[in-house]
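Before any comments, here is the structure.
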Amino acid sequence: MAGDLLSQGKIAERLGVPATKVAKIIKEHGLTPDEKKGNCGYFGEAKIKQIEEALKAK
């Protein structure tokens, strides 16, 4: 379904990298979650793409 939101852990799983790398990219680029549920942030497709591009650039 388009518009699915993923947590940092699910993004890491999808991209095949450790969750710590995803967390570091999010912090370095100042990305904010599209939605928050409790303490967990969920990111949409556009931000997932940004994270993926940042990982490729490293």
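Letters A, B, ... go to the chains of the structure tokens in the order shown; residues in each chain start at 1; ligands are counted from 1 in the same order.
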
From a DSSP calculation on the backbone, collect every residue of chain A in strand (DSSP E) and output the set as a list in words.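 Selecting the strand (DSSP E) positions of chain A gives Glu35, Lys36, Lys37, Cys40, Gly41 and Tyr42 of chain A.
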
If we count only C-alpha atoms and set the cut-off at 7 Å, which residues sit around Gln8 of chain A, ignoring sequence neighbours fewer than 6 positions away in its own chain? Please answer as a VMD selection string. chain A and resid 19 22 to 23

Just to be explicit: take each residue in the selection above, keep N, CA and C atoms, and write the result as a PDB file, in the first residue's frame.
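Writing done, so here's selection_34.pdb:
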```
ATOM      1  N   ALA A  19      20.458  -1.170  12.110  1.00  0.00           N
ATOM      2  CA  ALA A  19      19.574  -0.084  12.551  1.00  0.00           C
ATOM      3  C   ALA A  19      20.376   1.125  13.035  1.00  0.00           C
ATOM      4  N   VAL A  22      21.030   3.489  10.172  1.00  0.00           N
ATOM      5  CA  VAL A  22      19.825   4.251   9.820  1.00  0.00           C
ATOM      6  C   VAL A  22      19.626   5.378  10.835  1.00  0.00           C
ATOM      7  N   ALA A  23      19.777   5.073  12.113  1.00  0.00           N
ATOM      8  CA  ALA A  23      19.608   6.082  13.164  1.00  0.00           C
ATOM      9  C   ALA A  23      20.622   7.212  12.991  1.00  0.00           C
TER      10      ALA A  23
END
```

Close residues, Asp34 of chain A itself excluded, 9 Å, only C-alpha atoms, min 2 positions apart in chain, as a ChimeraX atom specification: /A:5,32,36,41-44,47

Saved selection, atoms kept: C-alpha atoms, as a short mmCIF file (atom, residue, chain, number, x, y, z; two decimals), in the first residue's frame:
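Resulting contents of selection09.cif:
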```
data_model
loop_
_atom_site.label_atom_id
_atom_site.label_comp_id
_atom_site.auth_asym_id
_atom_site.auth_seq_id
_atom_site.Cartn_x
_atom_site.Cartn_y
_atom_site.Cartn_z
CA LEU A 5 5.15 4.29 7.29
CA THR A 32 11.89 14.15 11.53
CA LYS A 36 4.94 9.47 16.01
CA GLY A 41 8.88 7.59 14.87
CA TYR A 42 7.59 6.36 11.52
CA PHE A 43 8.94 7.54 8.19
CA GLY A 44 7.24 7.73 4.82
CA LYS A 47 12.29 10.08 3.77
#
```

Just list the residues in chain A DSSP gives alpha helix (DSSP H) on the backbone, as a ChimeraX atom specification. /A:8-15,19-29,45-57

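The two atoms in question, atom CA of Leu6 of chain A and atom CA of Glu45 of chain A, are spaced 8.5 Å apart.
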
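Atom CA of Ser7 of chain A lies 9.7 Å from atom CA of Glu35 of chain A.
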
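Across A:Val17, A:Asp4, A:Gly9, A:Gly30, the tightest approach to Glu52 of chain A is made by A:Val17 when counting only C-alpha atoms.
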
Shortest contact to Gln50 of chain A, candidates A:Lys37, A:Lys21, A:Lys10, A:His29, atoms counted only C-alpha atoms, goes to A:His29

Would you mind reading off the distance between atom CA of Ile11 of chain A and atom CA of Leu31 of chain A, one decimal, in Å?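 Distance between the two atoms: 13.6 Å.
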